[in-house]
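J.: For reference, the structure I am asking about is given below.
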Amino acid sequence: MNPSIRWLYERVDYERSSSIPYETGLKLHRMRALCARLGDPQRGLPAVHIAGTKGKGSTAALVAGAARRSGYRTGLFTSPHLQRLEERVAIDGMPCSEMELADGLARLRPHVEEMDRAAAGVPGEQGPTFFEILTAFAFEHFRRREVELAVLEVGLGGRLDSTNVCDPLVTAVTSISLDHTQQLGATVEEIAAEKGGIIKPGVPVVCGALTTGPSEVIAQLARIRRAPLWELGGRLQCDYRPGSLAGNQPAMIRVECRAPQAEVLVDWSPLALLGRHQADNAAVAAMICRLLGDAGRPIAASALTSALAEVRCPARIELLGRRPWVILDGAHNPASLEALAGFLGEQLRPRRRFLIFAAAADKDVPAMLERLRGSFDETFLTRFTNNPRAVPADRLLGWAERLFDCCFCFDAPADAYREARRRAGPDDLICAAGSFYLAAELRPAMLADAERAEGQ
């Protein structure tokens, strides 16, 4: 590993910790100080800033895809990554190279170490974290490459997230449900207040369909900051027609903005992303693109429909095989697993269904498993090995055996997948879900199997 990248991995990394000191560990003044040392690369960077419990990564990919197809040099900052750290910082659909990342980190390191020394004598302070450094690199990389539009996905929450030093043209909150409750709050209203922390004075904000409590919180924040608000189900409407995986027919969507005047944003376009919930994300993306036009970054209608029909996101109900059906999903909270179960019930009628499941210790695992009750014939419980937050498989078994008839434990995801492949016939389904870290471990083997099947 390159020494600069190794140095980054040695920093405080809350993605690898089951206990995140939210108010004390995440501090925007530290991020602002780091950016100031770099000449504030986030200032003057035209950006779209997207928060949400689920859906923010898919929405970000759709907006970036539409902007790129409209001819803009487009940066995309997302997290986490699946295979390579460089995936998180992409321009025009291409991740930065390892050398670009290493060189950028080498330029950042002296500033970070100076901040480390300054923080050492102050109680409760620390130097920049892994995610803060990576965010600063993304800003600097986008400035050096003269990006014309940057799409920024929030890492955690919104109010205190390191991306929240940007000056956005549009902000968005895709969805709000219970997740990261130890950091963001025990109720959806408290979580809404944290995610709504990205709303800026006078900057338009787009929201997915929210329940009453979160909707009222976001609306109040928008009023206080005089930020024009479009919410799905209100001024923004979306119609959805499910497709057919077996028949190779894509889902279709129609999106309409009803105020300040009626305007069709998408007129029955194919949607490549799988699942009814992705129609909501697509509608939010379409409205973001419409508002970018008002901000001087017009997105061609043909570019938007092309992005909807073509953009796919790894590990978001990703279809990787057909005989048997193989689906990989990074769903890692109750709401996203409910969306997965709904998709499977709507789209597939396999003979038998096999679930490979692993989860992180800071998640509401019983509620996650409850959302999958009745959706699978056999459940293979395991733990991912690439992050210490994993729940041991035998602990998962204590919850799962109350909900599922047939459960087995495996030491590693590869063992669970190997057994699922051995048992599954051509008319069956194998689905892996519960964590992006599980998806990261299994995806290479699943892709290799898919490539072998295509070659036969």
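We label chains A, B, ... in the order they appear in the structure tokens, count residues from 1 in each chain, and number ligands from 1 in the order shown.
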Please provide as a list in words all residues within 10 Å of Thr163 (chain A), with the sequence filter that same-chain residues fewer than 5 positions apart are discarded (counting only C-alpha atoms).

T.: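 Here the answer would be Leu28, Met31, Gln42, His49, Ile50, Phe77, Phe131, Glu132, Thr135, Ala136, Ala138, Phe139, Leu152, Glu153, Val154, Gly155, Leu156, Gly158 and Ile198 of chain A.
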
J.: Hey, can you spit out that residue selection with N, CA and C atoms as a CSV table (one decimal), in the first residue's frame?

T.:
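Once written, selection.csv looks like this:
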```csv
chain,number,residue,atom,x,y,z
A,28,LEU,N,-17.3,20.8,12.9
A,28,LEU,CA,-17.1,21.5,11.7
A,28,LEU,C,-16.0,22.5,11.7
A,31,MET,N,-13.0,20.9,10.3
A,31,MET,CA,-13.0,20.8,8.9
A,31,MET,C,-12.8,22.1,8.2
A,42,GLN,N,-13.5,24.3,-1.3
A,42,GLN,CA,-15.0,24.1,-1.4
A,42,GLN,C,-15.7,25.4,-1.8
A,49,HIS,N,-25.8,19.0,-2.6
A,49,HIS,CA,-25.5,18.4,-1.3
A,49,HIS,C,-26.7,17.5,-0.9
A,50,ILE,N,-26.4,16.2,-0.7
A,50,ILE,CA,-27.5,15.2,-0.5
A,50,ILE,C,-27.4,14.5,0.8
A,77,PHE,N,-18.7,12.6,-4.9
A,77,PHE,CA,-18.1,12.2,-3.7
A,77,PHE,C,-19.1,11.4,-2.9
A,131,PHE,N,-12.4,10.6,7.6
A,131,PHE,CA,-13.4,11.1,6.7
A,131,PHE,C,-13.2,12.5,6.4
A,132,GLU,N,-12.8,13.3,7.3
A,132,GLU,CA,-12.5,14.7,7.1
A,132,GLU,C,-11.4,14.9,6.1
A,135,THR,N,-12.6,14.0,2.7
A,135,THR,CA,-13.5,15.1,2.2
A,135,THR,C,-12.7,16.2,1.6
A,136,ALA,N,-11.7,16.6,2.4
A,136,ALA,CA,-10.8,17.7,2.0
A,136,ALA,C,-10.1,17.4,0.7
A,138,ALA,N,-11.2,15.4,-1.6
A,138,ALA,CA,-12.2,15.5,-2.7
A,138,ALA,C,-12.4,16.9,-3.2
A,139,PHE,N,-12.5,17.9,-2.2
A,139,PHE,CA,-12.7,19.3,-2.6
A,139,PHE,C,-11.5,19.8,-3.4
A,152,LEU,N,-22.3,15.9,-3.8
A,152,LEU,CA,-21.7,15.5,-2.5
A,152,LEU,C,-22.7,14.7,-1.7
A,153,GLU,N,-22.4,13.5,-1.4
A,153,GLU,CA,-23.2,12.7,-0.5
A,153,GLU,C,-22.7,12.8,0.9
A,154,VAL,N,-23.7,13.1,1.8
A,154,VAL,CA,-23.4,13.2,3.2
A,154,VAL,C,-22.9,11.9,3.8
A,155,GLY,N,-21.9,11.9,4.7
A,155,GLY,CA,-21.4,10.7,5.3
A,155,GLY,C,-22.3,10.2,6.4
A,156,LEU,N,-22.5,11.1,7.4
A,156,LEU,CA,-23.3,10.7,8.6
A,156,LEU,C,-24.1,12.0,9.0
A,158,GLY,N,-25.7,15.1,8.8
A,158,GLY,CA,-25.8,16.3,7.9
A,158,GLY,C,-25.2,17.5,8.6
A,198,ILE,N,-28.2,20.5,6.7
A,198,ILE,CA,-27.5,20.9,5.5
A,198,ILE,C,-28.3,22.0,4.7
```

J.: Using only C-alpha atoms, pick whichever of A:Ala286, A:Ile133, A:Ala432, A:Val147 has the shortest atom-to-atom distance to Cys257 (chain A).

T.: A:Ala286

J.: Got a sec: who's within 12 Å of region 379-384 of chain A, counting only C-alpha atoms, leaving out chain neighbours fewer than 6 positions off, as an MDAnalysis selection string?

T.: chainID A and resid 352:361 369 372:373 390:401 403:421 423 429:442

J.: In terms of the shortest atom-to-atom distance over only C-alpha atoms, which of A:Thr129, A:Ser215, A:Gln347, A:Ser306 is closest to Ser70 (chain A)?

T.: A:Ser306

J.: Between A:Ile288, A:Glu451, A:Trp230, A:Leu82, single out the one closest to Asp329 (chain A), counting only C-alpha atoms.

T.: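 When distances to Asp329 (chain A) are compared using only C-alpha atoms, the smallest one comes from A:Leu82.
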
J.: Pick from A:Lys195, A:Arg312, A:Lys200, A:Arg16: nearest to Gly65 (chain A), with only C-alpha atoms counted?

T.: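 Once distances to Gly65 (chain A) are computed over only C-alpha atoms, the minimum belongs to A:Arg312.
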
J.: From the options A:Leu308, A:Cys238, A:Leu447, A:Ala295, which residue's atoms come nearest to Ser269 (chain A), counting only C-alpha atoms?

T.: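 Looking at the shortest contact to Ser269 (chain A), the residue is A:Leu308.
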
J.: Quick one: residues within 6 Å of Gly321 (chain A), only C-alpha atoms, excluding same-chain residues fewer than 3 positions away - as a ChimeraX atom specification?

T.: /A:325-326,450

J.: I want to know what sits within 12 Å of Asp103 (chain A), based on only C-alpha atoms, with residues of the same chain fewer than 2 positions away left out; could you give that as a list in words?

T.: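 The contact residues come out as Asn2, Pro3, Ser4, Ile5, Cys96, Ser97, Glu98, Met99, Glu100, Leu101, Leu105, Ala106, Arg107, Leu108, Arg109, Phe137, Glu140 and His141 of chain A.
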
J.: Counting only C-alpha atoms, which residue out of A:Asp364, A:Arg422, A:Lys27, A:Glu378 sits closest to Leu178 (chain A)?

T.: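 For Leu178 (chain A), the nearest of the candidates is A:Asp364.
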
J.: Write out as a list in words each polymer residue whose atoms come within 8 Å of Leu236 (chain A), counting only C-alpha atoms; drop sequence neighbours fewer than 5 positions from it.

T.: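 Listing them by chain and then by number gives Trp230, Glu231, Val255, Glu256, Cys257, Arg258, Ala283 and Met287 of chain A.
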
J.: DSSP on the backbone: what in region 68-254 of chain A comes out helix (DSSP H, G or I), as a PyMOL selection string?

T.: chain A and resi 68-69+85-88+98-120+130-144+162-165+181-184+188-198+212-224

J.: Tell me which protein, DNA and RNA residues are within 12 Å of Gly213 (chain A), counting only C-alpha atoms, leaving out same-chain ones fewer than 6 positions away, and put them as a list in words.

T.: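 Close residues of Gly213 (chain A): Ile176, Ser177, Thr187, Val188, Glu189, Glu190, Ile191, Ala192, Ala193, Ala219 and Gln220 of chain A.
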
J.: Please report the interatomic distance between CA of Arg69 (chain A) and CA of Ala301 (chain A) in Å with one decimal.

T.: 10.1 Å

J.: Where does DSSP see strand (DSSP E) in region 156-366 of chain A, if you list the residues as a VMD selection string?

T.: chain A and resid 168 to 173 205 to 207 229 to 231 236 to 241 251 to 257 263 to 271 318 to 322 325 to 328 353 to 357
